>>> print(open('upload_7.pdb').read())   # PDB, C-alpha atoms and all ligand atoms
ATOM      1  CA  MET H   1       0.000   0.000   0.000
ATOM      2  CA  GLN H   2       2.760   2.332   0.998
ATOM      3  CA  ARG H   3       4.678   1.375  -2.138
ATOM      4  CA  LYS H   4       1.673   2.123  -4.285
ATOM      5  CA  GLY H   5       1.278   5.497  -2.609
ATOM      6  CA  ALA H   6       4.914   6.296  -3.238
ATOM      7  CA  LEU H   7       4.571   5.258  -6.874
ATOM      8  CA  MET H   8       1.527   7.460  -7.347
ATOM      9  CA  PHE H   9       3.342  10.303  -5.659
ATOM     10  CA  SER H  10       6.381  10.006  -7.893
ATOM     11  CA  GLY H  11       4.088   9.694 -10.916
ATOM     12  CA  GLY H  12       2.362  12.908  -9.901
ATOM     13  CA  ALA H  13       5.651  14.691  -9.325
ATOM     14  CA  GLY H  14       6.854  13.464 -12.713
ATOM     15  CA  CYS H  15       3.754  14.873 -14.412
ATOM     16  CA  LEU H  16       4.224  18.206 -12.674
ATOM     17  CA  LEU H  17       7.830  18.289 -13.805
ATOM     18  CA  LEU H  18       6.801  17.548 -17.401
ATOM     19  CA  VAL H  19       4.190  20.315 -17.305
ATOM     20  CA  ALA H  20       6.727  22.717 -15.802
ATOM     21  CA  LEU H  21       9.253  21.835 -18.518
ATOM     22  CA  ALA H  22       6.641  22.225 -21.234
ATOM     23  CA  VAL H  23       5.592  25.714 -20.137
ATOM     24  CA  SER H  24       9.080  26.986 -19.450
ATOM     25  CA  ARG H  25      10.732  26.911 -22.848
ATOM     26  CA  PRO H  26      13.128  29.811 -23.320
ATOM     27  CA  PRO H  27      11.613  32.516 -25.530
ATOM     28  CA  ALA H  28      12.484  33.041 -29.169
ATOM     29  CA  ASN H  29      15.143  35.687 -29.695
ATOM     30  CA  PRO H  30      13.887  39.063 -30.930
ATOM     31  CA  HIS H  31      14.163  39.830 -34.632
ATOM     32  CA  ILE H  32      17.456  41.511 -35.579
ATOM     33  CA  ASP H  33      17.677  44.433 -37.971
ATOM     34  CA  PRO H  34      21.091  43.849 -39.633
ATOM     35  CA  ALA H  35      21.569  47.620 -40.024
ATOM     36  CA  ALA H  36      21.167  48.179 -36.267
ATOM     37  CA  ARG H  37      23.953  45.826 -35.215
ATOM     38  CA  LEU H  38      27.194  47.068 -33.645
ATOM     39  CA  GLN H  39      29.096  45.635 -36.630
ATOM     40  CA  ALA H  40      27.041  47.765 -39.021
ATOM     41  CA  LYS H  41      27.714  50.969 -37.078
ATOM     42  CA  ILE H  42      31.408  50.832 -36.199
ATOM     43  CA  GLU H  43      34.434  48.831 -37.194
ATOM     44  CA  VAL H  44      34.716  45.548 -35.277
ATOM     45  CA  PRO H  45      37.868  43.522 -36.036
ATOM     46  CA  SER H  46      37.316  39.778 -36.135
ATOM     47  CA  GLN H  47      39.218  39.034 -32.912
ATOM     48  CA  VAL H  48      37.091  41.617 -31.037
ATOM     49  CA  ASP H  49      33.934  40.158 -32.560
ATOM     50  CA  ARG H  50      34.985  36.675 -31.448
ATOM     51  CA  ILE H  51      35.571  37.776 -27.826
ATOM     52  CA  LEU H  52      32.295  39.703 -27.561
ATOM     53  CA  ARG H  53      30.342  36.768 -29.000
ATOM     54  CA  LYS H  54      32.004  34.308 -26.665
ATOM     55  CA  ALA H  55      31.656  36.309 -23.436
ATOM     56  CA  CYS H  56      28.905  38.921 -23.835
ATOM     57  CA  PHE H  57      26.408  38.042 -26.564
ATOM     58  CA  ASP H  58      24.312  35.616 -24.481
ATOM     59  CA  CYS H  59      23.103  38.575 -22.403
ATOM     60  CA  HIS H  60      23.906  41.714 -24.421
ATOM     61  CA  SER H  61      22.539  40.785 -27.829
ATOM     62  CA  SER H  62      19.417  39.430 -29.462
ATOM     63  CA  GLN H  63      21.416  36.282 -30.279
ATOM     64  CA  THR H  64      21.168  34.607 -26.877
ATOM     65  CA  ARG H  65      22.166  30.935 -26.895
ATOM     66  CA  TRP H  66      19.712  29.786 -24.223
ATOM     67  CA  PRO H  67      21.636  27.372 -21.973
ATOM     68  CA  TRP H  68      20.361  23.915 -20.977
ATOM     69  CA  TYR H  69      19.690  25.075 -17.398
ATOM     70  CA  SER H  70      17.300  27.731 -18.686
ATOM     71  CA  GLN H  71      14.858  24.838 -19.342
ATOM     72  CA  LEU H  72      14.335  24.539 -15.562
ATOM     73  CA  PRO H  73      11.711  26.965 -14.267
ATOM     74  CA  PRO H  74      13.490  28.778 -11.398
ATOM     75  CA  ALA H  75      16.685  29.095 -13.453
ATOM     76  CA  LEU H  76      14.717  30.262 -16.495
ATOM     77  CA  TRP H  77      13.190  33.152 -14.557
ATOM     78  CA  MET H  78      16.614  34.259 -13.362
ATOM     79  CA  VAL H  79      18.138  33.978 -16.831
ATOM     80  CA  LEU H  80      15.212  35.867 -18.374
ATOM     81  CA  ARG H  81      15.544  38.737 -15.921
ATOM     82  CA  ASP H  82      19.288  38.858 -16.446
ATOM     83  CA  VAL H  83      19.014  38.957 -20.240
ATOM     84  CA  GLU H  84      16.243  41.558 -20.093
ATOM     85  CA  LYS H  85      18.276  43.855 -17.803
ATOM     86  CA  ALA H  86      21.450  43.298 -19.788
ATOM     87  CA  ARG H  87      19.802  44.032 -23.147
ATOM     88  CA  SER H  88      18.257  47.217 -21.832
ATOM     89  CA  ALA H  89      21.644  48.387 -20.468
ATOM     90  CA  MET H  90      23.434  47.583 -23.753
ATOM     91  CA  ASN H  91      22.441  45.537 -26.798
ATOM     92  CA  PHE H  92      25.063  44.768 -29.439
ATOM     93  CA  SER H  93      22.224  43.877 -31.821
ATOM     94  CA  ASP H  94      20.689  47.333 -31.434
ATOM     95  CA  TRP H  95      23.577  49.758 -31.144
ATOM     96  CA  PRO H  96      23.203  53.561 -30.766
ATOM     97  CA  ASP H  97      24.067  55.541 -33.859
ATOM     98  CA  PRO H  98      27.610  57.011 -33.562
ATOM     99  CA  LEU H  99      26.433  60.254 -35.178
ATOM    100  CA  GLY H 100      22.884  60.676 -33.858
ATOM    101  CA  LYS H 101      23.588  59.284 -30.379
ATOM    102  CA  ALA H 102      27.302  59.955 -30.089
ATOM    103  CA  ASN H 103      27.383  60.370 -26.296
ATOM    104  CA  ARG H 104      25.517  57.153 -25.683
ATOM    105  CA  ALA H 105      27.615  55.216 -28.214
ATOM    106  CA  SER H 106      30.978  56.382 -26.879
ATOM    107  CA  GLY H 107      29.790  56.102 -23.251
ATOM    108  CA  LEU H 108      28.944  52.429 -23.794
ATOM    109  CA  LEU H 109      32.293  51.756 -25.472
ATOM    110  CA  LEU H 110      34.153  53.262 -22.510
ATOM    111  CA  ALA H 111      31.914  51.352 -20.079
ATOM    112  CA  VAL H 112      32.771  48.080 -21.852
ATOM    113  CA  CYS H 113      36.470  48.569 -21.063
ATOM    114  CA  ALA H 114      35.746  49.809 -17.523
ATOM    115  CA  VAL H 115      33.627  46.792 -16.514
ATOM    116  CA  LEU H 116      36.235  44.392 -17.920
ATOM    117  CA  ARG H 117      39.094  46.076 -16.043
ATOM    118  CA  ALA H 118      37.001  46.001 -12.847
ATOM    119  CA  GLU H 119      36.187  42.305 -13.518
ATOM    120  CA  ARG H 120      32.462  43.103 -13.212
ATOM    121  CA  MET H 121      31.598  41.427 -16.518
ATOM    122  CA  PRO H 122      30.845  38.716 -17.401
ATOM    123  CA  PRO H 123      29.082  38.281 -14.009
ATOM    124  CA  ALA H 124      30.569  35.616 -11.711
ATOM    125  CA  ARG H 125      27.290  33.639 -11.735
ATOM    126  CA  TYR H 126      27.642  33.306 -15.526
ATOM    127  CA  LEU H 127      31.353  32.419 -15.434
ATOM    128  CA  ALA H 128      30.626  29.607 -12.973
ATOM    129  CA  LEU H 129      28.560  27.854 -15.664
ATOM    130  CA  HIS H 130      30.423  29.184 -18.731
ATOM    131  CA  PRO H 131      34.138  29.007 -17.885
ATOM    132  CA  GLU H 132      35.016  29.576 -21.567
ATOM    133  CA  ALA H 133      33.701  33.152 -21.174
ATOM    134  CA  ARG H 134      36.467  34.111 -18.732
ATOM    135  CA  LEU H 135      38.681  36.610 -20.545
ATOM    136  CA  SER H 136      42.467  36.583 -20.367
ATOM    137  CA  ALA H 137      44.374  39.811 -19.655
ATOM    138  CA  ALA H 138      45.373  39.876 -23.353
ATOM    139  CA  GLU H 139      41.723  39.612 -24.435
ATOM    140  CA  VAL H 140      40.767  42.471 -22.089
ATOM    141  CA  ASP H 141      43.575  44.569 -23.618
ATOM    142  CA  THR H 142      42.312  43.760 -27.125
ATOM    143  CA  ILE H 143      38.781  44.904 -26.224
ATOM    144  CA  CYS H 144      39.975  48.025 -24.392
ATOM    145  CA  SER H 145      42.255  49.274 -27.139
ATOM    146  CA  TRP H 146      39.483  48.732 -29.692
ATOM    147  CA  SER H 147      36.757  50.384 -27.583
ATOM    148  CA  GLN H 148      38.925  53.383 -26.637
ATOM    149  CA  THR H 149      39.998  53.934 -30.255
ATOM    150  CA  GLN H 150      36.383  53.766 -31.415
ATOM    151  CA  ALA H 151      35.184  56.130 -28.652
ATOM    152  CA  ALA H 152      37.899  58.628 -29.649
ATOM    153  CA  HIS H 153      36.889  58.244 -33.296
ATOM    154  CA  ILE H 154      33.258  59.043 -32.427
ATOM    155  CA  ALA H 155      34.403  62.142 -30.515
ATOM    156  CA  SER H 156      36.467  63.282 -33.531
ATOM    157  CA  LEU H 157      33.433  62.908 -35.826
ATOM    158  CA  ARG H 158      31.523  65.350 -33.641
ATOM    159  CA  GLN H 159      34.213  68.002 -33.870
ATOM    160  CA  LYS H 160      34.048  68.079 -37.666
TER     161      LYS H 160
HETATM  162  C1  LIG H 201      24.907  36.673 -17.599
HETATM  163  C2  LIG H 201      24.589  37.847 -18.339
HETATM  164  C3  LIG H 201      25.680  38.825 -18.705
HETATM  165  C4  LIG H 201      26.840  38.593 -19.432
HETATM  166  C5  LIG H 201      27.333  37.291 -20.013
HETATM  167  C6  LIG H 201      27.476  39.892 -19.563
HETATM  168  N1  LIG H 201      26.732  40.855 -18.943
HETATM  169 FE1  LIG H 201      27.102  42.860 -18.918
HETATM  170  N2  LIG H 201      25.406  43.191 -17.807
HETATM  171  C7  LIG H 201      24.536  42.224 -17.378
HETATM  172  C8  LIG H 201      23.456  42.847 -16.621
HETATM  173  C9  LIG H 201      22.285  42.097 -15.978
HETATM  174  C10 LIG H 201      23.708  44.227 -16.628
HETATM  175  C11 LIG H 201      22.872  45.345 -16.014
HETATM  176  C12 LIG H 201      22.932  45.389 -14.538
HETATM  177  C13 LIG H 201      24.327  45.467 -13.997
HETATM  178  O1  LIG H 201      25.029  46.466 -14.242
HETATM  179  O2  LIG H 201      24.728  44.500 -13.326
HETATM  180  C14 LIG H 201      24.950  44.422 -17.369
HETATM  181  C15 LIG H 201      25.532  45.641 -17.585
HETATM  182  C16 LIG H 201      26.639  45.864 -18.397
HETATM  183  C17 LIG H 201      27.168  47.152 -18.750
HETATM  184  C18 LIG H 201      26.606  48.474 -18.301
HETATM  185  C19 LIG H 201      27.264  48.811 -16.975
HETATM  186  C20 LIG H 201      26.903  50.162 -16.469
HETATM  187  O3  LIG H 201      27.553  50.541 -15.495
HETATM  188  O4  LIG H 201      26.000  50.794 -17.017
HETATM  189  C21 LIG H 201      28.251  46.948 -19.535
HETATM  190  C22 LIG H 201      29.146  48.009 -20.177
HETATM  191  C23 LIG H 201      28.406  45.504 -19.684
HETATM  192  N3  LIG H 201      27.422  44.867 -18.987
HETATM  193  C24 LIG H 201      29.403  44.904 -20.419
HETATM  194  C25 LIG H 201      29.541  43.538 -20.600
HETATM  195  C26 LIG H 201      30.587  42.939 -21.394
HETATM  196  C27 LIG H 201      31.678  43.709 -22.136
HETATM  197  C28 LIG H 201      30.391  41.590 -21.344
HETATM  198  C29 LIG H 201      31.236  40.509 -21.977
HETATM  199  C30 LIG H 201      32.624  40.502 -21.662
HETATM  200  C31 LIG H 201      29.202  41.349 -20.513
HETATM  201  N4  LIG H 201      28.724  42.553 -20.071
HETATM  202  C32 LIG H 201      28.675  40.087 -20.238
HETATM  203  C33 LIG H 201      24.625  40.872 -17.653
HETATM  204  C34 LIG H 201      25.631  40.247 -18.393
END
>>> encode(input="upload_7.pdb", output="structure tokens")
Amino acid sequence: MQRKGALMFSGGAGCLLLVALAVSRPPANPHIDPAARLQAKIEVPSQVDRILRKACFDCHSSQTRWPWYSQLPPALWMVLRDVEKARSAMNFSDWPDPLGKANRASGLLLAVCAVLRAERMPPARYLALHPEARLSAAEVDTICSWSQTQAAHIASLRQK
């Protein structure tokens, strides 16, 4: 009798889990306008592109590769919130225009270097599950020299 009860219980829990999994699929990524991408607005050398894709794009672009753990409801909610906040702070798939929104564009470029130097990004909770996103000192230098050059270039465009 007890065994039967336990079986029914685990069956019920299994059904709940299946329902939870079914309703908690990660969302589709938003549509990308190719002309709005960072790469369409400023020069992005291939090694910079590679680093940003590897370490930042899951949160700061509309090309999120939803990880396996985002299939599990509590983790999904956390990942969703993270991606939403990250995209609204900075989205490489929807980059401010270097002429029309020069301050915003150069401010973000400088912030990219600053958060890397301060080791604030990628967040530790992400690195724990994505060790390949940890950047070496050389990779940080590559990003910083690119972002500072581009920010200076944007400033020079304004003075013309
Ligand atoms: C796991 C998701 C995640 C990843 C991966 C990630 N970020 Fe972020 N990032 C966030 C979130 C969330 C915010 C907004 C809240 C905050 O500042 O913590 C943010 C904010 C930022 C900001 C704005 C900071 C400010 O002070 O306004 C910059 C710049 C940034 N990230 C750069 C990067 C760069 C560069 C990478 C890749 C090396 C990266 N992030 C990787 C989640 C992420």
>>> residues_near_ligand(input="upload_7.pdb", ligand="ligand LIG 201 (chain H)", cutoff="9 Å", atoms="all atoms listed in the file", output="MDAnalysis selection string")
chainID H and resid 51:60 79 81:90 107:116 120:127 130 133:135 140 143
>>> residues_near_point(input="upload_7.pdb", point="(21.4, 47.0, -38.9)", cutoff="12 Å", atoms="all atoms listed in the file", output="PDB file with C-alpha atoms, keeping the file's coordinate frame")
ATOM      1  CA  HIS H  31      14.163  39.830 -34.632  1.00  0.00           C
ATOM      2  CA  ILE H  32      17.456  41.511 -35.579  1.00  0.00           C
ATOM      3  CA  ASP H  33      17.677  44.433 -37.971  1.00  0.00           C
ATOM      4  CA  PRO H  34      21.091  43.849 -39.633  1.00  0.00           C
ATOM      5  CA  ALA H  35      21.569  47.620 -40.024  1.00  0.00           C
ATOM      6  CA  ALA H  36      21.167  48.179 -36.267  1.00  0.00           C
ATOM      7  CA  ARG H  37      23.953  45.826 -35.215  1.00  0.00           C
ATOM      8  CA  LEU H  38      27.194  47.068 -33.645  1.00  0.00           C
ATOM      9  CA  GLN H  39      29.096  45.635 -36.630  1.00  0.00           C
ATOM     10  CA  ALA H  40      27.041  47.765 -39.021  1.00  0.00           C
ATOM     11  CA  LYS H  41      27.714  50.969 -37.078  1.00  0.00           C
ATOM     12  CA  ILE H  42      31.408  50.832 -36.199  1.00  0.00           C
ATOM     13  CA  PHE H  92      25.063  44.768 -29.439  1.00  0.00           C
ATOM     14  CA  SER H  93      22.224  43.877 -31.821  1.00  0.00           C
ATOM     15  CA  ASP H  94      20.689  47.333 -31.434  1.00  0.00           C
ATOM     16  CA  TRP H  95      23.577  49.758 -31.144  1.00  0.00           C
ATOM     17  CA  PRO H  96      23.203  53.561 -30.766  1.00  0.00           C
ATOM     18  CA  ASP H  97      24.067  55.541 -33.859  1.00  0.00           C
TER      19      ASP H  97
END
>>> closest_residue(input="upload_7.pdb", among="H:Arg158, H:Arg25, H:Leu99, H:Arg50", to="Pro74 (chain H)", atoms="all atoms listed in the file")
H:Arg25
>>> atom_distance(input="upload_7.pdb", atom1="CA of Glu43 (chain H)", atom2="CA of Trp66 (chain H)")
27.3 Å
>>> atom_distance(input="upload_7.pdb", atom1="CA of Trp146 (chain H)", atom2="CA of Lys101 (chain H)")
19.1 Å
>>> resolve_selection(input="upload_7.pdb", expression="the PyMOL selection byres (((chain H and resi 71) around 8) and not hetatm)", output="PDB file with C-alpha atoms, in the coordinates of the input")
ATOM      1  CA  LEU H  21       9.253  21.835 -18.518  1.00  0.00           C
ATOM      2  CA  SER H  24       9.080  26.986 -19.450  1.00  0.00           C
ATOM      3  CA  ARG H  25      10.732  26.911 -22.848  1.00  0.00           C
ATOM      4  CA  PRO H  26      13.128  29.811 -23.320  1.00  0.00           C
ATOM      5  CA  PRO H  67      21.636  27.372 -21.973  1.00  0.00           C
ATOM      6  CA  TRP H  68      20.361  23.915 -20.977  1.00  0.00           C
ATOM      7  CA  TYR H  69      19.690  25.075 -17.398  1.00  0.00           C
ATOM      8  CA  SER H  70      17.300  27.731 -18.686  1.00  0.00           C
ATOM      9  CA  LEU H  72      14.335  24.539 -15.562  1.00  0.00           C
ATOM     10  CA  PRO H  73      11.711  26.965 -14.267  1.00  0.00           C
ATOM     11  CA  ALA H  75      16.685  29.095 -13.453  1.00  0.00           C
ATOM     12  CA  LEU H  76      14.717  30.262 -16.495  1.00  0.00           C
TER      13      LEU H  76
END
>>> decode(input="upload_7.pdb", residues="region 41-81 of chain H", atoms="C-alpha atoms", output="short mmCIF file (atom, residue, chain, number, x, y, z; two decimals), in the first residue's frame")
data_model
loop_
_atom_site.label_atom_id
_atom_site.label_comp_id
_atom_site.auth_asym_id
_atom_site.auth_seq_id
_atom_site.Cartn_x
_atom_site.Cartn_y
_atom_site.Cartn_z
CA LYS H 41 27.71 50.97 -37.08
CA ILE H 42 31.41 50.83 -36.20
CA GLU H 43 34.43 48.83 -37.19
CA VAL H 44 34.72 45.55 -35.28
CA PRO H 45 37.87 43.52 -36.04
CA SER H 46 37.32 39.78 -36.14
CA GLN H 47 39.22 39.03 -32.91
CA VAL H 48 37.09 41.62 -31.04
CA ASP H 49 33.93 40.16 -32.56
CA ARG H 50 34.98 36.67 -31.45
CA ILE H 51 35.57 37.78 -27.83
CA LEU H 52 32.30 39.70 -27.56
CA ARG H 53 30.34 36.77 -29.00
CA LYS H 54 32.00 34.31 -26.67
CA ALA H 55 31.66 36.31 -23.44
CA CYS H 56 28.91 38.92 -23.84
CA PHE H 57 26.41 38.04 -26.56
CA ASP H 58 24.31 35.62 -24.48
CA CYS H 59 23.10 38.58 -22.40
CA HIS H 60 23.91 41.71 -24.42
CA SER H 61 22.54 40.78 -27.83
CA SER H 62 19.42 39.43 -29.46
CA GLN H 63 21.42 36.28 -30.28
CA THR H 64 21.17 34.61 -26.88
CA ARG H 65 22.17 30.93 -26.90
CA TRP H 66 19.71 29.79 -24.22
CA PRO H 67 21.64 27.37 -21.97
CA TRP H 68 20.36 23.92 -20.98
CA TYR H 69 19.69 25.07 -17.40
CA SER H 70 17.30 27.73 -18.69
CA GLN H 71 14.86 24.84 -19.34
CA LEU H 72 14.34 24.54 -15.56
CA PRO H 73 11.71 26.97 -14.27
CA PRO H 74 13.49 28.78 -11.40
CA ALA H 75 16.68 29.09 -13.45
CA LEU H 76 14.72 30.26 -16.50
CA TRP H 77 13.19 33.15 -14.56
CA MET H 78 16.61 34.26 -13.36
CA VAL H 79 18.14 33.98 -16.83
CA LEU H 80 15.21 35.87 -18.37
CA ARG H 81 15.54 38.74 -15.92
#
